[in-house]
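Below is one structure, written out as C-alpha cells; the observations come after it.
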Amino acid sequence: MARAIHWERNEDPVGIWEHRGKVVLAGAGHSKNTDRRWDGVSMDRTLGAYVIEAARAAMDDAGISPEDVDGIVTSAGGQPAHMSLGSQWGPLRPFFDAPYDSEDGLTYVTAEWIQKQMNLPNVQYTNSHGETVWNLIGLAAQVVGDSRCEVCLVPYPNGNIEGRYHQNPSLEARGGAQWSNPWGWGLSGQGFVFDQYARKYGTNHERMAPFVVQEHANGLLWPYSYYAQHEPGPFTTEDYLNGRWIARDLSIFDCDRPVQAGACYIVTTAERAKDMKQQPVYILDHTESAFTPRSLVQTLDDTESWTDIQAKRSYAGSGLRPEDIDVFAPYDGFAVFTQYFLEAFGWRGVKRGEAHDFYADDITLKGPNPINSGGGNMGTGRMRTVFITDPMEQLQGRAGDRQVDIKAEVAVTIGVLPSNAAALAFSTSPD
Amino acid sequence: MPRPIPVPDAISKPFWDACNERRLIIQVCTMCDRRQFPPEAECRECGWQFHLDWMETSGRGTIVGFSITYDSRIMAWQEEQPFNNAVVALEEDPEINFFSNLPGIPVGEVPVGATVEVDFISVSDDQLIPEWKVVE
Ligand SMILES: [Zn+2]
C-alpha cells in the first residue's frame, strides 16, 4: 500500500530530498493510439493492451529487457484507490475471457496484472496505489531511492468507455452528496472559484483564451495527443470564445476531454541509468499536499493558500528558486487550475492576479515563456502524461517541433488539484 | 421538478430534523469554540466528539460568489438548466458556507455582496431544505 510506507513528503519542513539527483527518469513510452473511448469489442485496444504497449515502448526507449525490471509501480486507474478516470465496465455489462474477466485490464490495470501479462520474471516489488501521475512518479522515485527496487516500470493508464462521463441519475443524495446535490452543485465549484478570482483581480473568462489556444497549438505537435491524431485542425480564439458553458465561467474548452490511452515510464537509479540508452532526467524532489475546505466549498482563499503551501514545500524540497525553473508544467484539467499553480510558484515572476496578463504576453513555444510546452490536457486530451513526458523530453533535447528555444535544464511539473497535489522537480544534472 | 432529496444519516439527522422545524443549526465544538458545517463525527480542530454540540445560527449571510450551471452531471437538474449556484457565507462566521439556487433571482443576476436570509423549501413530503432570499 502506498500510504503504508509513508512515502509522501507532505510535512513541513520537508528539507532537501534525501535522494536528490540519485533517482532518474530513464525512459518513456505511450500507446500508439489515443482513442476517444474503448469500443467494448476491440481486444487489442483495451486499457490493459494499451498499458502493455506503452510499457514495451518505455523499455525500448530505455534500452532494457524484461529481465531488468524488478519493480512495478502504478496507480491502476489513474486516480486513488484503483479508481478509473472514467466509469466501471461492470457490473451491468458482462466481462470477457481471461485476462479480461474482471475490471482489472479493462478500466484499471494493476501491477500484478501487468507483471503476469508481460511475463516479467524478476519483479520483486509491486504497488498499485500511485494515484494521479505526479503522485505516481513521486512514489516510484521514493521506492527506487529507498532501494525497494532498482529498475521500476511505472505505467499510467487513462481509460474511457462508452456513455457520458459521471452522469448521476439518483434522486437520493447520500453521504457527501446530501450537502451538494439538492442544490445542483457540481462543476459549479470551479466556476465559483473563477468568479471569485475574476472579481478580486478584475479579469474575465475571455482572458483565458490565449492560454488555451496556445495549449492546443502545442498539443498538435505531440504525436500522442488526441487532437493531433483525430482533430488536427487549428483551434482559434473564436472557437474558444464560442465554447458552450458547462458551469460559468467554465466552458467546454476549459474541460479536458476523456480519452483511452496508456503511458509508462522507467524510473531507476542514476547509477543504473549509466548503462541505459537515454540521457537520464534527474529527479531532484517530490512533494505532496492534501487539504480539506473549512466548510462546504473550496474558496479562492483556500485555493491560494493551499497552492502557496505546496509551492513553498516544493522549493524547500528541491532547493530551487523560481528563477531556476526553465520548463514549467502546471496542470490544466480544468484549465483554470493553471493560473492558481502558476501564481503560487511565481514562475517568471508572476504574482497573484497576474496570470491572465502573463497569458496575454508571449507564451509561444519559441518565446521566452513557453508554459505547458507539451500542450497540457487541453491540447492532448485527458491523459495527464504529457505533464511528465514533455518536461522530460525538453530536458533531453528531444521534444522535436515542441523543443523550446530557451535553456531547458530544470523543469517543474505540478498537479492534480489545488486541494490534492504533488510537485516534481527534474534536472539535466544531479546537482 | 423532482430534485435529489437528502438522505439523513446518524451525523446529519439533527440538521435535517431542524430544517423541518425551519431552524438552521450547525455544529459547534464547545472546547474549541469552533463552528462546523457540514456536520462531522468529530471536531476537526481537536479531534474529539464529546464536545460537539448543535447551535442555532442567525440565519443571515452574504452572497460571496456564484456560478451558473448549464450542464449538470446530476440528471434530475438537467431540465432546470441553466440555474444559479450561489455561495452564502454565514453572518457570524463567514468561513461557514451554504449553497443556494436563489429562487426568484433571474439566472446570472446574482447580487454578489447582498445580504440574504434563510428560507426553507420543500423537496419532498417530509423534508425541507435551507434556501436563501435576498433581504431588501
Ligand atoms: Zn474541538
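Chains: A, B, ... in order of the C-alpha cells. Residues: from 1 per chain. Ligands: from 1, in order shown.
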Can you check which parts of chain B lie within 6 Å of ligand 1? Per residue, the shortest pair of atoms and distance in Å to one decimal, counting only C-alpha atoms and all ligand atoms, sorted by chain and number, as a Markdown table.
```
| residue | atom | partner | partner_atom_place_in_ligand_line | distance |
| --- | --- | --- | --- | --- |
| B:Cys29 | CA | ligand 1 | 1 (Zn) | 4.6 |
| B:Met31 | CA | ligand 1 | 1 (Zn) | 5.3 |
| B:Cys32 | CA | ligand 1 | 1 (Zn) | 4.3 |
| B:Cys43 | CA | ligand 1 | 1 (Zn) | 4.5 |
| B:Glu45 | CA | ligand 1 | 1 (Zn) | 4.9 |
| B:Cys46 | CA | ligand 1 | 1 (Zn) | 4.1 |
```
*Out of chain B, which residues get strand (DSSP E or B) from DSSP, as a PyMOL selection string?*
chain B and resi 5-6+25-29+34-36+52-56+60-69+74+83-90+93-100+115-124+127-134
*Taking only C-alpha atoms into account, what are the residues of chain A at most 12 Å from chain B, put as an NGL selection string?*
:A and (164-200 or 243-252 or 292-302)
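Atom pair CA of Glu18 (chain A) / CA of Ser147 (chain A): separated by 12.5 Å.
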*Close residues, Asp126 (chain B) itself excluded, 10 Å, only C-alpha atoms, min 2 positions apart in chain, as a PyMOL selection string*: chain B and resi 17+20+122-124+128
*Could you find all residues in region 66-120 of chain B that DSSP calls helix (DSSP H, G or I) from the backbone, and write them as an MDAnalysis selection string?*
chainID B and resid 75:80
Atoms to include: all heavy atoms. Write the selected residues as a short mmCIF file (atom, residue, chain, number, x, y, z; two decimals), in the first residue's frame.
```
data_model
loop_
_atom_site.label_atom_id
_atom_site.label_comp_id
_atom_site.auth_asym_id
_atom_site.auth_seq_id
_atom_site.Cartn_x
_atom_site.Cartn_y
_atom_site.Cartn_z
N MET B 75 -28.59 14.33 -13.12
CA MET B 75 -29.57 14.28 -14.21
C MET B 75 -30.89 14.96 -13.84
O MET B 75 -31.53 15.58 -14.68
CB MET B 75 -29.76 12.84 -14.66
CG MET B 75 -28.48 12.29 -15.30
SD MET B 75 -28.46 10.52 -15.57
CE MET B 75 -29.43 10.41 -17.08
N ALA B 76 -31.27 14.88 -12.55
CA ALA B 76 -32.52 15.50 -12.14
C ALA B 76 -32.51 17.01 -12.35
O ALA B 76 -33.55 17.63 -12.54
CB ALA B 76 -32.79 15.19 -10.67
N TRP B 77 -31.32 17.60 -12.36
CA TRP B 77 -31.21 19.05 -12.50
C TRP B 77 -31.17 19.50 -13.96
O TRP B 77 -31.28 20.70 -14.24
CB TRP B 77 -29.95 19.55 -11.78
CG TRP B 77 -30.20 19.84 -10.34
CD1 TRP B 77 -29.91 19.02 -9.28
CD2 TRP B 77 -30.80 21.01 -9.78
NE1 TRP B 77 -30.28 19.61 -8.11
CE2 TRP B 77 -30.83 20.84 -8.39
CE3 TRP B 77 -31.30 22.19 -10.33
CZ2 TRP B 77 -31.36 21.81 -7.53
CZ3 TRP B 77 -31.83 23.15 -9.47
CH2 TRP B 77 -31.85 22.94 -8.09
N GLN B 78 -30.99 18.56 -14.86
CA GLN B 78 -30.72 18.96 -16.25
C GLN B 78 -31.88 19.72 -16.89
O GLN B 78 -31.67 20.61 -17.71
CB GLN B 78 -30.28 17.74 -17.07
CG GLN B 78 -28.88 17.27 -16.64
CD GLN B 78 -28.45 15.94 -17.22
OE1 GLN B 78 -29.21 15.28 -17.93
NE2 GLN B 78 -27.22 15.53 -16.91
N GLU B 79 -33.11 19.39 -16.51
CA GLU B 79 -34.24 20.11 -17.12
C GLU B 79 -34.39 21.54 -16.60
O GLU B 79 -35.11 22.34 -17.18
CB GLU B 79 -35.54 19.32 -16.91
CG GLU B 79 -35.96 19.19 -15.47
CD GLU B 79 -37.13 18.21 -15.32
OE1 GLU B 79 -36.92 16.99 -15.45
OE2 GLU B 79 -38.24 18.69 -15.07
N GLU B 80 -33.69 21.86 -15.50
CA GLU B 80 -33.75 23.21 -14.92
C GLU B 80 -32.70 24.15 -15.50
O GLU B 80 -32.64 25.32 -15.13
CB GLU B 80 -33.54 23.13 -13.40
CG GLU B 80 -34.69 22.49 -12.65
CD GLU B 80 -35.98 23.30 -12.80
OE1 GLU B 80 -35.98 24.48 -12.43
OE2 GLU B 80 -36.96 22.73 -13.30
#
```
*asked:* When you look at Phe345 (chain A) with a cut-off of 12 Å (counting only C-alpha atoms), what residues show up, excluding the ones that are within fewer than 4 positions of it in the same chain? I need them as JSON, numbers by chain.
replied: {"A": [304, 305, 306, 307, 308, 309, 310, 311, 312, 313, 314, 315, 316, 320, 321, 322, 323, 324, 325, 328, 329, 330, 338, 339, 340, 341, 349, 350, 351, 352, 355, 412, 413, 414, 423]}
Put those residues in a file: N, CA, C and O atoms, as a short mmCIF file (atom, residue, chain, number, x, y, z; two decimals), in the first residue's frame.
```cif
data_model
loop_
_atom_site.label_atom_id
_atom_site.label_comp_id
_atom_site.auth_asym_id
_atom_site.auth_seq_id
_atom_site.Cartn_x
_atom_site.Cartn_y
_atom_site.Cartn_z
N GLU A 304 -5.73 29.69 -2.98
CA GLU A 304 -4.46 30.40 -2.96
C GLU A 304 -3.58 29.95 -1.80
O GLU A 304 -2.37 29.77 -1.97
N SER A 305 -4.17 29.72 -0.64
CA SER A 305 -3.31 29.34 0.48
C SER A 305 -2.81 27.90 0.31
O SER A 305 -1.66 27.61 0.64
N TRP A 306 -3.63 27.02 -0.24
CA TRP A 306 -3.17 25.64 -0.44
C TRP A 306 -2.04 25.56 -1.48
O TRP A 306 -1.04 24.87 -1.28
N THR A 307 -2.22 26.27 -2.60
CA THR A 307 -1.18 26.20 -3.63
C THR A 307 0.09 26.91 -3.16
O THR A 307 1.20 26.51 -3.52
N ASP A 308 -0.05 27.94 -2.32
CA ASP A 308 1.14 28.58 -1.74
C ASP A 308 1.92 27.60 -0.87
O ASP A 308 3.15 27.54 -0.94
N ILE A 309 1.20 26.84 -0.06
CA ILE A 309 1.87 25.86 0.80
C ILE A 309 2.61 24.83 -0.05
O ILE A 309 3.78 24.51 0.20
N GLN A 310 1.93 24.34 -1.09
CA GLN A 310 2.57 23.33 -1.94
C GLN A 310 3.79 23.91 -2.67
O GLN A 310 4.83 23.26 -2.77
N ALA A 311 3.69 25.13 -3.15
CA ALA A 311 4.81 25.73 -3.87
C ALA A 311 6.01 25.93 -2.94
O ALA A 311 7.15 25.59 -3.29
N LYS A 312 5.76 26.46 -1.76
CA LYS A 312 6.85 26.67 -0.80
C LYS A 312 7.51 25.34 -0.44
O LYS A 312 8.73 25.23 -0.33
N ARG A 313 6.67 24.32 -0.28
CA ARG A 313 7.17 22.99 0.07
C ARG A 313 8.04 22.45 -1.06
O ARG A 313 9.09 21.86 -0.83
N SER A 314 7.59 22.66 -2.28
CA SER A 314 8.35 22.17 -3.44
C SER A 314 9.72 22.86 -3.52
O SER A 314 10.74 22.20 -3.71
N TYR A 315 9.72 24.17 -3.35
CA TYR A 315 11.00 24.90 -3.40
C TYR A 315 11.91 24.45 -2.25
O TYR A 315 13.13 24.29 -2.43
N ALA A 316 11.34 24.24 -1.08
CA ALA A 316 12.14 23.81 0.07
C ALA A 316 12.71 22.41 -0.17
O ALA A 316 13.84 22.10 0.24
N LEU A 320 15.40 24.62 -5.22
CA LEU A 320 15.34 25.53 -6.37
C LEU A 320 14.71 26.86 -5.96
O LEU A 320 13.99 26.94 -4.96
N ARG A 321 14.96 27.87 -6.79
CA ARG A 321 14.26 29.15 -6.67
C ARG A 321 13.42 29.33 -7.94
O ARG A 321 13.73 28.69 -8.96
N PRO A 322 12.44 30.20 -7.92
CA PRO A 322 11.60 30.36 -9.12
C PRO A 322 12.43 30.61 -10.37
O PRO A 322 12.11 30.08 -11.45
N GLU A 323 13.48 31.40 -10.26
CA GLU A 323 14.26 31.76 -11.45
C GLU A 323 15.10 30.59 -11.98
O GLU A 323 15.66 30.66 -13.07
N ASP A 324 15.17 29.50 -11.20
CA ASP A 324 15.91 28.32 -11.68
C ASP A 324 15.09 27.47 -12.64
O ASP A 324 15.63 26.61 -13.34
N ILE A 325 13.77 27.67 -12.64
CA ILE A 325 12.91 26.78 -13.42
C ILE A 325 12.84 27.24 -14.87
O ILE A 325 12.37 28.33 -15.16
N PHE A 328 8.18 24.81 -17.22
CA PHE A 328 7.19 24.78 -16.14
C PHE A 328 5.89 24.21 -16.68
O PHE A 328 5.38 24.67 -17.71
N ALA A 329 5.36 23.21 -15.97
CA ALA A 329 4.18 22.49 -16.46
C ALA A 329 3.14 22.35 -15.35
O ALA A 329 3.05 21.33 -14.67
N PRO A 330 2.35 23.41 -15.13
CA PRO A 330 1.28 23.36 -14.13
C PRO A 330 -0.01 22.81 -14.75
O PRO A 330 -0.42 23.23 -15.82
N THR A 338 -4.44 26.14 -13.85
CA THR A 338 -3.08 26.56 -14.18
C THR A 338 -2.73 27.89 -13.54
O THR A 338 -1.63 28.08 -13.02
N GLN A 339 -3.69 28.83 -13.56
CA GLN A 339 -3.38 30.16 -13.02
C GLN A 339 -3.09 30.10 -11.52
O GLN A 339 -2.23 30.83 -11.03
N TYR A 340 -3.78 29.22 -10.81
CA TYR A 340 -3.55 29.13 -9.36
C TYR A 340 -2.15 28.58 -9.08
O TYR A 340 -1.44 29.06 -8.19
N PHE A 341 -1.76 27.54 -9.83
CA PHE A 341 -0.42 26.96 -9.65
C PHE A 341 0.67 27.92 -10.10
O PHE A 341 1.68 28.10 -9.44
N GLY A 349 8.18 35.32 -12.37
CA GLY A 349 7.80 36.46 -11.56
C GLY A 349 6.30 36.74 -11.49
O GLY A 349 5.89 37.80 -11.02
N VAL A 350 5.49 35.81 -11.97
CA VAL A 350 4.05 36.04 -11.98
C VAL A 350 3.52 36.02 -10.54
O VAL A 350 3.75 35.06 -9.81
N LYS A 351 2.80 37.08 -10.19
CA LYS A 351 2.24 37.18 -8.83
C LYS A 351 0.74 36.93 -8.87
O LYS A 351 0.14 36.85 -9.95
N ARG A 352 0.14 36.86 -7.68
CA ARG A 352 -1.30 36.63 -7.59
C ARG A 352 -2.06 37.66 -8.42
O ARG A 352 -1.80 38.86 -8.34
N ALA A 355 -1.86 36.14 -13.75
CA ALA A 355 -1.76 35.05 -14.73
C ALA A 355 -2.32 35.45 -16.09
O ALA A 355 -1.74 35.13 -17.13
N VAL A 412 9.82 21.88 -13.61
CA VAL A 412 8.92 21.57 -12.50
C VAL A 412 7.54 21.32 -13.08
O VAL A 412 7.07 22.05 -13.96
N THR A 413 6.92 20.23 -12.61
CA THR A 413 5.55 19.92 -13.03
C THR A 413 4.71 19.69 -11.79
O THR A 413 5.21 19.19 -10.78
N ILE A 414 3.45 20.13 -11.86
CA ILE A 414 2.58 20.02 -10.69
C ILE A 414 1.15 19.71 -11.08
O ILE A 414 0.64 20.20 -12.08
N ALA A 423 4.20 17.89 -6.57
CA ALA A 423 5.10 18.61 -7.46
C ALA A 423 6.37 17.80 -7.62
O ALA A 423 6.85 17.17 -6.68
#
```
_I'd like the neighbourhood of Glu117 (chain B) as a PyMOL selection string, where a residue qualifies if any of its atoms comes within 7 Å (using only C-alpha atoms), though same-chain residues fewer than 3 positions away should be ignored._
chain B and resi 59-61+132-135
Writer output for current selection, C-alpha atoms, as a CSV table (one decimal), in the first residue's frame:
```csv
chain,number,residue,atom,x,y,z
B,59,GLY,CA,-30.0,32.5,9.5
B,60,ARG,CA,-28.4,35.5,7.8
B,61,GLY,CA,-25.5,35.7,5.4
B,132,TRP,CA,-31.9,31.8,0.8
B,133,LYS,CA,-33.6,35.0,-0.2
B,134,VAL,CA,-32.2,38.5,-0.7
B,135,VAL,CA,-33.1,41.0,2.1
```
*Residue nearest Asn160 (chain A) among A:Glu103, A:Glu354, A:Asp35, A:Asp146 (counting only C-alpha atoms)*: A:Asp35
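Those residues that approach region 25-29 of chain A to within 7 Å, counting only C-alpha atoms, are Ala54, Ala55, Ala57, Ala58, Met59, Asp61, Ala62, Ala263, Cys264, Tyr265, Ile266, Val267, Thr268, Ala273, Gln278, Pro280, Val281, Tyr282 and Thr389 of chain A; same-chain residues fewer than 4 positions away are not listed.
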Could the residues in this selection be saved with all heavy atoms as a short mmCIF file (atom, residue, chain, number, x, y, z; two decimals), in the first residue's frame?
```cif
data_model
loop_
_atom_site.label_atom_id
_atom_site.label_comp_id
_atom_site.auth_asym_id
_atom_site.auth_seq_id
_atom_site.Cartn_x
_atom_site.Cartn_y
_atom_site.Cartn_z
N ALA A 54 2.51 0.53 -24.08
CA ALA A 54 3.28 1.65 -23.55
C ALA A 54 4.49 1.16 -22.77
O ALA A 54 5.60 1.73 -22.86
CB ALA A 54 2.39 2.52 -22.65
N ALA A 55 4.31 0.10 -21.98
CA ALA A 55 5.42 -0.44 -21.19
C ALA A 55 6.53 -0.96 -22.09
O ALA A 55 7.72 -0.73 -21.83
CB ALA A 55 4.90 -1.55 -20.27
N ALA A 57 7.15 0.09 -25.09
CA ALA A 57 7.78 1.26 -25.70
C ALA A 57 8.74 1.93 -24.72
O ALA A 57 9.82 2.39 -25.10
CB ALA A 57 6.70 2.25 -26.16
N ALA A 58 8.36 2.00 -23.45
CA ALA A 58 9.22 2.63 -22.45
C ALA A 58 10.50 1.81 -22.25
O ALA A 58 11.59 2.37 -22.09
CB ALA A 58 8.47 2.77 -21.12
N MET A 59 10.35 0.49 -22.24
CA MET A 59 11.53 -0.38 -22.08
C MET A 59 12.46 -0.25 -23.28
O MET A 59 13.68 -0.20 -23.13
CB MET A 59 11.08 -1.83 -21.86
CG MET A 59 10.47 -2.03 -20.48
SD MET A 59 9.44 -3.51 -20.32
CE MET A 59 10.65 -4.78 -20.60
N ASP A 61 12.68 2.39 -25.14
CA ASP A 61 13.24 3.73 -25.05
C ASP A 61 14.46 3.73 -24.12
O ASP A 61 15.48 4.35 -24.44
CB ASP A 61 12.16 4.69 -24.51
CG ASP A 61 12.56 6.15 -24.61
OD1 ASP A 61 13.05 6.55 -25.69
OD2 ASP A 61 12.39 6.88 -23.63
N ALA A 62 14.34 3.03 -23.01
CA ALA A 62 15.45 2.99 -22.06
C ALA A 62 16.52 1.97 -22.47
O ALA A 62 17.63 1.99 -21.94
CB ALA A 62 14.92 2.65 -20.66
N ALA A 263 0.35 5.04 -20.86
CA ALA A 263 1.72 5.57 -20.88
C ALA A 263 2.52 4.80 -19.85
O ALA A 263 1.96 4.13 -18.97
CB ALA A 263 1.73 7.06 -20.55
N CYS A 264 3.84 4.87 -19.97
CA CYS A 264 4.69 4.18 -19.00
C CYS A 264 6.05 4.88 -18.92
O CYS A 264 6.55 5.38 -19.94
CB CYS A 264 4.86 2.72 -19.40
SG CYS A 264 5.78 1.76 -18.18
N TYR A 265 6.60 4.90 -17.73
CA TYR A 265 7.93 5.49 -17.51
C TYR A 265 8.84 4.45 -16.87
O TYR A 265 8.37 3.51 -16.23
CB TYR A 265 7.81 6.73 -16.60
CG TYR A 265 6.90 7.74 -17.23
CD1 TYR A 265 5.54 7.76 -16.92
CD2 TYR A 265 7.36 8.60 -18.23
CE1 TYR A 265 4.67 8.62 -17.56
CE2 TYR A 265 6.50 9.47 -18.87
CZ TYR A 265 5.15 9.48 -18.53
OH TYR A 265 4.30 10.33 -19.19
N ILE A 266 10.14 4.64 -17.08
CA ILE A 266 11.14 3.83 -16.38
C ILE A 266 11.82 4.73 -15.37
O ILE A 266 12.42 5.75 -15.74
CB ILE A 266 12.20 3.26 -17.35
CG1 ILE A 266 11.55 2.52 -18.52
CG2 ILE A 266 13.20 2.39 -16.59
CD1 ILE A 266 10.83 1.25 -18.17
N VAL A 267 11.68 4.38 -14.10
CA VAL A 267 12.35 5.12 -13.02
C VAL A 267 13.42 4.20 -12.45
O VAL A 267 13.15 3.04 -12.12
CB VAL A 267 11.35 5.55 -11.92
CG1 VAL A 267 12.09 6.19 -10.75
CG2 VAL A 267 10.33 6.52 -12.50
N THR A 268 14.64 4.72 -12.38
CA THR A 268 15.74 3.89 -11.89
C THR A 268 16.75 4.76 -11.15
O THR A 268 16.54 5.95 -10.98
CB THR A 268 16.39 3.10 -13.06
OG1 THR A 268 17.34 2.16 -12.53
CG2 THR A 268 17.09 4.03 -14.03
N ALA A 273 21.28 3.94 -14.55
CA ALA A 273 20.92 4.58 -15.81
C ALA A 273 22.13 4.81 -16.72
O ALA A 273 21.97 5.04 -17.92
CB ALA A 273 20.22 5.92 -15.54
N GLN A 278 19.03 6.37 -22.94
CA GLN A 278 18.76 7.81 -22.99
C GLN A 278 19.57 8.58 -21.95
O GLN A 278 19.95 8.04 -20.92
CB GLN A 278 17.27 8.07 -22.73
CG GLN A 278 16.33 7.36 -23.68
CD GLN A 278 16.52 7.78 -25.13
OE1 GLN A 278 17.06 8.86 -25.42
NE2 GLN A 278 16.11 6.92 -26.04
N PRO A 280 19.72 10.50 -18.89
CA PRO A 280 18.75 10.45 -17.79
C PRO A 280 18.26 11.84 -17.39
O PRO A 280 18.96 12.83 -17.55
CB PRO A 280 19.56 9.83 -16.64
CG PRO A 280 20.99 10.14 -16.96
CD PRO A 280 21.09 10.19 -18.46
N VAL A 281 17.04 11.87 -16.91
CA VAL A 281 16.49 13.10 -16.32
C VAL A 281 16.49 12.88 -14.81
O VAL A 281 15.81 11.99 -14.30
CB VAL A 281 15.08 13.38 -16.86
CG1 VAL A 281 14.40 14.47 -16.05
CG2 VAL A 281 15.17 13.78 -18.33
N TYR A 282 17.27 13.69 -14.11
CA TYR A 282 17.43 13.51 -12.66
C TYR A 282 16.23 14.06 -11.92
O TYR A 282 15.77 15.18 -12.22
CB TYR A 282 18.72 14.21 -12.19
CG TYR A 282 19.95 13.59 -12.80
CD1 TYR A 282 20.45 14.03 -14.03
CD2 TYR A 282 20.60 12.52 -12.18
CE1 TYR A 282 21.56 13.45 -14.62
CE2 TYR A 282 21.72 11.92 -12.75
CZ TYR A 282 22.19 12.39 -13.98
OH TYR A 282 23.28 11.80 -14.56
N THR A 389 6.00 13.55 -19.73
CA THR A 389 6.75 13.26 -20.95
C THR A 389 7.34 14.53 -21.56
O THR A 389 8.50 14.53 -22.00
CB THR A 389 5.85 12.55 -21.98
OG1 THR A 389 5.33 11.36 -21.37
CG2 THR A 389 6.62 12.17 -23.23
#
```
*asked:* Quick one: residues within 9 Å of Pro223 (chain A), only C-alpha atoms, excluding same-chain residues fewer than 5 positions away - as JSON, numbers by chain?
replied: {"A": [32, 228, 229]}
Selection file, all heavy atoms, as a tab-separated table (two decimals), in the first residue's frame:
```
chain	number	residue	atom	x	y	z
A	32	LYS	N	0.41	3.62	-29.02
A	32	LYS	CA	0.49	4.32	-30.31
A	32	LYS	C	-0.77	5.17	-30.54
A	32	LYS	O	-0.69	6.31	-30.95
A	32	LYS	CB	0.65	3.29	-31.43
A	32	LYS	CG	0.94	3.87	-32.79
A	32	LYS	CD	1.56	2.82	-33.68
A	32	LYS	CE	0.74	2.24	-34.80
A	32	LYS	NZ	-0.66	2.23	-34.91
A	228	ALA	N	-3.96	15.76	-32.07
A	228	ALA	CA	-3.02	15.54	-33.17
A	228	ALA	C	-3.48	14.35	-34.01
A	228	ALA	O	-3.36	14.36	-35.23
A	228	ALA	CB	-1.61	15.32	-32.63
A	229	GLN	N	-4.04	13.34	-33.34
A	229	GLN	CA	-4.43	12.13	-34.06
A	229	GLN	C	-5.82	12.23	-34.72
A	229	GLN	O	-6.06	11.60	-35.73
A	229	GLN	CB	-4.42	10.93	-33.11
A	229	GLN	CG	-3.01	10.58	-32.62
A	229	GLN	CD	-2.95	9.26	-31.86
A	229	GLN	OE1	-3.95	8.54	-31.75
A	229	GLN	NE2	-1.78	8.95	-31.33
```
